[in-house]
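Trainee: Sending over a structure as structure tokens; questions will come in a sec.
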Protein chains: 2
Amino acid sequence: MNEFCLIEQFFKPIATKRSDVVFGIGDDAACLEIPRGANFLISTDTLVGGNHFLSEWNPYDIACRAVMVNVSDMAAMAADPCWVTLALTLPEADPAWLKPFSQGLNDSLNKFNIALIGGDTTRGPLSITLTIAGLAPEGKAVKRDGAKPGDVILVSGQLGAAALAVKFLNDHSIPENDTAILMQKLIHPEPRVDLINCLRSYASAAIDISDGLSADLNHICVASGVGACLIENAIPVHPLLKKYLSEQAVDLALRGGDDYELCFTVPARLLEPLMNELKRANTLCYPIGEIESAQGLRIKAPDNTSKILKPEGYSHFS
Amino acid sequence: MNEFCLIEQFFKPIATKRSDVVFGIGDDAACLEIPRGANFLISTDTLVGGNHFLSEWNPYDIACRAVMVNVSDMAAMAADPCWVTLALTLPEADPAWLKPFSQGLNDSLNKFNIALIGGDTTRGPLSITLTIAGLAPEGKAVKRDGAKPGDVILVSGQLGAAALAVKFLNDHSIPENDTAILMQKLIHPEPRVDLINCLRSYASAAIDISDGLSADLNHICVASGVGACLIENAIPVHPLLKKYLSEQAVDLALRGGDDYELCFTVPARLLEPLMNELKRANTLCYPIGEIESAQGLRIKAPDNTSKILKPEGYSHFS
């Protein structure tokens, strides 16, 4: 099976059509019509076999994960995801692998009305690079650099389950139903596109928690020239971390990556209207601390003593 | 050196600034302002170490080649290249490799006024995926599917030198100055951005010759539902192919990839004005045959007999 048959069979049929795609797969480039008054957001993420996923995972799941981590980048910017290109490097063109992979790609793109508009297939060690693009109303994308002293820091969900899944990958003593919950969090993160409108209305800064809360919050602080103080008791630690890690649970919630929840900041006066809007939408976000003018991260223990929080998290090449 | 220092040191300083970049590297996504009435073109190309380049090549050259093959996709669509994202997978974060790589990236992007707006760095086997985006006036991008019977087929330059360079990679009997010419063609292809305006005015279809003339012309024919007849004597075979290959020279010019010249079609009545315009611009393009209604490719020998031309070229996984 050569490159062209492979594209014909597995990628051209992927279904989502969008009226803003002038033309997609099949030329040297795809062509889009960008609506007036919109900002165009673009981001790229690579998943390397054996590093960001295990090659023995179901190809369906690998494709889903690749889409979700890219969609999360759009959600973090308060941009609606619209289009992706796929650069797929494969050791061999194996239809038994490609069929479930393209199915996973199809299903996860359809879920968000994202069109696959182009790509490149090459031979080499398994690696998947998606470039995702999306739209936000002009000036409404949310960056990392807008946090101000006094802003409330929030996270969008419970933390640490994906990191615990990685920790337990080879530990077969964990009950099956717990393993299933953890692996679901690792393999099928749910990007928080449901928060896009709230971010546009309320957030001063936002980031997705791909590297770990402390590392990603630190990115906001460095970009904004501020610091942050977290309340240890307020960190929404995933219940399975408490079950299996006891004292180290908070620590893993703070530095474990791969959760793809959002961390964002909101001016204090907007907290109440935000929480009311979230409540109406049946969504929960957790206020976990406050932006400070003094740089660096601190965390306040239940006894009200505070200590320095080192921004540790996942970093390639570290 | 971790991922963030690496980006700070080697990629953030890359110089080209464009006023249409609202913000670039440093957030979960970059943000662009797309002018009204423009079509947005986007394309992605991966270069895998040991496959599209040799890992021992100078990193400066590897970066240049990655940029050039992507720019060529924009030129083939008659789109002005504007922005790129870089997904770089590296076995290790070696400053001695990264410094010349980022320099090559900087120099080649600056040459075309292209801004580096984002990317991802990951650990794994050496691989470079660039996603390039550009602009064309609305409806002016040139696709593969517009060729009509009677259209003249042209190529933008001499063919086969890059393929000959690959053939001779391990042949040290070739004189040094010839090797230098061939390697220059392989490593530093010159994407034909100089033809973008002509394509917009005259071309009915276009493609870049990355897979080989016969394979890429066949893509135009299949997309357009037509066939083509080439004139063997008119194929601009690179002089070094004639020197080293004699009878097989035309064959390699027809199926050798990596030239990154353009193949395009022009309605017969527009050939003269096009040739005049090219002449005024001191540019040479070569009419090499004609589009026919009967499908398939043919080639006419000097004795006027014609035979079927099999569309062979480079294909991954074949």
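So you can find residues: chains in the structure tokens are A, B, ... in the order shown, residues in each start at 1, and ligands are numbered from 1 in order.
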Where does DSSP see alpha helix (DSSP H) in segment 106-283 of chain A, if you list the residues as a PyMOL selection string?
Mentor: chain A and resi 106-111+161-167+176-187+196-202+213-224+239-245+249-255+271-280
Trainee: Give one line per residue of chain B that approaches chain A to at most 8 Å, naming the two atoms of the closest pair and their distance in Å to one decimal, counting only C-alpha atoms; sort by chain then ascending residue number and deliver it as CSV.
Mentor:
residue,atom,partner,partner_atom,distance
B:Met1,CA,A:Ser318,CA,6.2
B:Asn2,CA,A:Ser318,CA,4.6
B:Glu3,CA,A:His316,CA,5.6
B:Phe4,CA,A:Ser315,CA,7.9
B:Asp27,CA,A:Arg144,CA,6.3
B:Asp28,CA,A:Asp73,CA,5.3
B:Ala29,CA,A:Ser43,CA,4.5
B:Ala30,CA,A:Ile42,CA,5.3
B:Cys31,CA,A:Leu41,CA,4.5
B:Leu32,CA,A:Phe40,CA,5.0
B:Glu33,CA,A:Asn39,CA,5.6
B:Ile34,CA,A:Ile34,CA,7.1
B:Arg36,CA,A:Arg36,CA,6.4
B:Ala38,CA,A:Glu33,CA,7.6
B:Asn39,CA,A:Glu33,CA,5.6
B:Phe40,CA,A:Leu32,CA,5.0
B:Leu41,CA,A:Cys31,CA,4.5
B:Ile42,CA,A:Ala29,CA,5.2
B:Ser43,CA,A:Ala29,CA,4.5
B:Thr44,CA,A:Gly119,CA,5.5
B:Asp45,CA,A:Asp120,CA,5.6
B:Thr46,CA,A:Ala87,CA,6.6
B:Leu47,CA,A:Thr122,CA,7.9
B:Val48,CA,A:Gly124,CA,6.5
B:Asn51,CA,A:Arg123,CA,7.6
B:Asp73,CA,A:Asp28,CA,5.3
B:Met74,CA,A:Ala29,CA,7.0
B:Ala76,CA,A:Asp28,CA,6.8
B:Met77,CA,A:Asp28,CA,6.6
B:Thr85,CA,A:Thr44,CA,6.9
B:Leu86,CA,A:Thr44,CA,7.7
B:Ala87,CA,A:Thr46,CA,6.5
B:Glu92,CA,A:Phe317,CA,6.5
B:Ala93,CA,A:Phe317,CA,6.2
B:Gly118,CA,A:Ser43,CA,6.6
B:Gly119,CA,A:Thr44,CA,5.5
B:Asp120,CA,A:Asp45,CA,5.6
B:Thr121,CA,A:His316,CA,7.7
B:Thr122,CA,A:His316,CA,6.0
B:Arg123,CA,A:His316,CA,6.1
B:Gly124,CA,A:Val48,CA,6.5
B:Pro125,CA,A:Pro125,CA,6.9
B:Thr129,CA,A:Ala87,CA,7.2
B:Thr131,CA,A:Thr131,CA,7.2
B:Lys143,CA,A:Asp27,CA,6.3
B:Arg144,CA,A:Asp27,CA,6.3
B:Ile207,CA,A:Asp28,CA,6.7
B:Asp208,CA,A:Asp28,CA,7.6
B:Ser315,CA,A:Glu3,CA,6.0
B:His316,CA,A:Glu3,CA,5.6
B:Phe317,CA,A:Asn2,CA,5.0
B:Ser318,CA,A:Asn2,CA,4.6
Trainee: Identify, with DSSP run on backbone atoms, the residues in segment 148-181 of chain A assigned to strand (DSSP E or B), and express the list as a VMD selection string.
Mentor: chain A and resid 152 to 155 159
Trainee: So which residues touch segment 178-192 of chain A within 6 Å, counting only C-alpha atoms, skipping near sequence neighbours fewer than 5 positions away, as a PyMOL selection string?
Mentor: chain A and resi 65+68+72+75+161-162+165
Trainee: Produce a file of the selected residues containing all heavy atoms, as a PDB file, in the first residue's frame.
Mentor:
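Output saved as part23.pdb:
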ATOM      1  N   ARG A  65      -6.511  10.469  21.610  1.00  0.00           N
ATOM      2  CA  ARG A  65      -5.670  11.255  22.507  1.00  0.00           C
ATOM      3  C   ARG A  65      -4.979  12.397  21.752  1.00  0.00           C
ATOM      4  O   ARG A  65      -4.900  13.522  22.241  1.00  0.00           O
ATOM      5  CB  ARG A  65      -4.627  10.343  23.170  1.00  0.00           C
ATOM      6  CG  ARG A  65      -3.801  11.081  24.199  1.00  0.00           C
ATOM      7  CD  ARG A  65      -3.001  10.118  25.077  1.00  0.00           C
ATOM      8  NE  ARG A  65      -1.842  10.784  25.619  1.00  0.00           N
ATOM      9  CZ  ARG A  65      -1.869  11.622  26.650  1.00  0.00           C
ATOM     10  NH1 ARG A  65      -2.988  11.870  27.260  1.00  0.00           N
ATOM     11  NH2 ARG A  65      -0.775  12.209  27.061  1.00  0.00           N
ATOM     12  N   MET A  68      -7.513  15.080  21.269  1.00  0.00           N
ATOM     13  CA  MET A  68      -7.936  15.744  22.514  1.00  0.00           C
ATOM     14  C   MET A  68      -6.879  16.717  23.031  1.00  0.00           C
ATOM     15  O   MET A  68      -7.217  17.815  23.462  1.00  0.00           O
ATOM     16  CB  MET A  68      -8.238  14.702  23.599  1.00  0.00           C
ATOM     17  CG  MET A  68      -9.373  13.766  23.259  1.00  0.00           C
ATOM     18  SD  MET A  68     -10.914  14.620  22.812  1.00  0.00           S
ATOM     19  CE  MET A  68     -11.835  13.300  22.061  1.00  0.00           C
ATOM     20  N   SER A  72      -7.497  20.695  23.401  1.00  0.00           N
ATOM     21  CA  SER A  72      -7.287  21.345  24.692  1.00  0.00           C
ATOM     22  C   SER A  72      -6.521  22.661  24.543  1.00  0.00           C
ATOM     23  O   SER A  72      -6.790  23.631  25.270  1.00  0.00           O
ATOM     24  CB  SER A  72      -6.538  20.386  25.626  1.00  0.00           C
ATOM     25  OG  SER A  72      -6.355  20.982  26.888  1.00  0.00           O
ATOM     26  N   ALA A  75      -9.081  25.164  23.548  1.00  0.00           N
ATOM     27  CA  ALA A  75      -9.941  25.504  24.691  1.00  0.00           C
ATOM     28  C   ALA A  75      -9.215  26.462  25.630  1.00  0.00           C
ATOM     29  O   ALA A  75      -9.798  27.434  26.117  1.00  0.00           O
ATOM     30  CB  ALA A  75     -10.353  24.233  25.435  1.00  0.00           C
ATOM     31  N   ALA A 161      -5.217  12.215  38.172  1.00  0.00           N
ATOM     32  CA  ALA A 161      -5.573  10.843  37.784  1.00  0.00           C
ATOM     33  C   ALA A 161      -4.704  10.341  36.624  1.00  0.00           C
ATOM     34  O   ALA A 161      -4.259   9.180  36.628  1.00  0.00           O
ATOM     35  CB  ALA A 161      -7.052  10.766  37.417  1.00  0.00           C
ATOM     36  N   ALA A 162      -4.445  11.201  35.646  1.00  0.00           N
ATOM     37  CA  ALA A 162      -3.638  10.764  34.497  1.00  0.00           C
ATOM     38  C   ALA A 162      -2.214  10.433  34.953  1.00  0.00           C
ATOM     39  O   ALA A 162      -1.626   9.435  34.515  1.00  0.00           O
ATOM     40  CB  ALA A 162      -3.616  11.846  33.419  1.00  0.00           C
ATOM     41  N   ALA A 165      -2.216   7.170  36.643  1.00  0.00           N
ATOM     42  CA  ALA A 165      -2.304   6.096  35.650  1.00  0.00           C
ATOM     43  C   ALA A 165      -0.907   5.753  35.131  1.00  0.00           C
ATOM     44  O   ALA A 165      -0.543   4.575  35.009  1.00  0.00           O
ATOM     45  CB  ALA A 165      -3.215   6.505  34.500  1.00  0.00           C
TER      46      ALA A 165
END
Trainee: How many Å separate atom CA of Gly256 of chain A from atom CA of Leu105 of chain A?
Mentor: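 Interatomic distance, atom CA of Gly256 of chain A to atom CA of Leu105 of chain A: 26.2 Å.
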Trainee: So that I can check the surroundings of Lys148 of chain B, please list as an MDAnalysis selection string every protein, DNA and RNA residue that reaches within 9 Å of it, counting only C-alpha atoms and ignoring chain neighbours fewer than 4 positions away.
Mentor: chainID B and resid 204:205 224:226 265:267 291:293
Trainee: With C-alpha atoms retained, write the just-selected residues as a short mmCIF file (atom, residue, chain, number, x, y, z; two decimals), in the first residue's frame.
Mentor:
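See result-v9.cif below for the written result:
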data_model
loop_
_atom_site.label_atom_id
_atom_site.label_comp_id
_atom_site.auth_asym_id
_atom_site.auth_seq_id
_atom_site.Cartn_x
_atom_site.Cartn_y
_atom_site.Cartn_z
CA SER B 204 -5.07 26.17 -14.90
CA ALA B 205 -3.37 23.65 -12.58
CA SER B 224 -8.47 16.92 -13.57
CA GLY B 225 -9.83 13.76 -15.24
CA VAL B 226 -7.49 14.12 -18.22
CA THR B 265 -0.62 23.79 -17.14
CA VAL B 266 -1.65 26.83 -19.15
CA PRO B 267 -4.43 27.25 -21.75
CA ILE B 291 -2.96 17.82 -21.81
CA GLU B 292 -5.17 15.30 -23.64
CA SER B 293 -8.70 14.11 -23.03
#
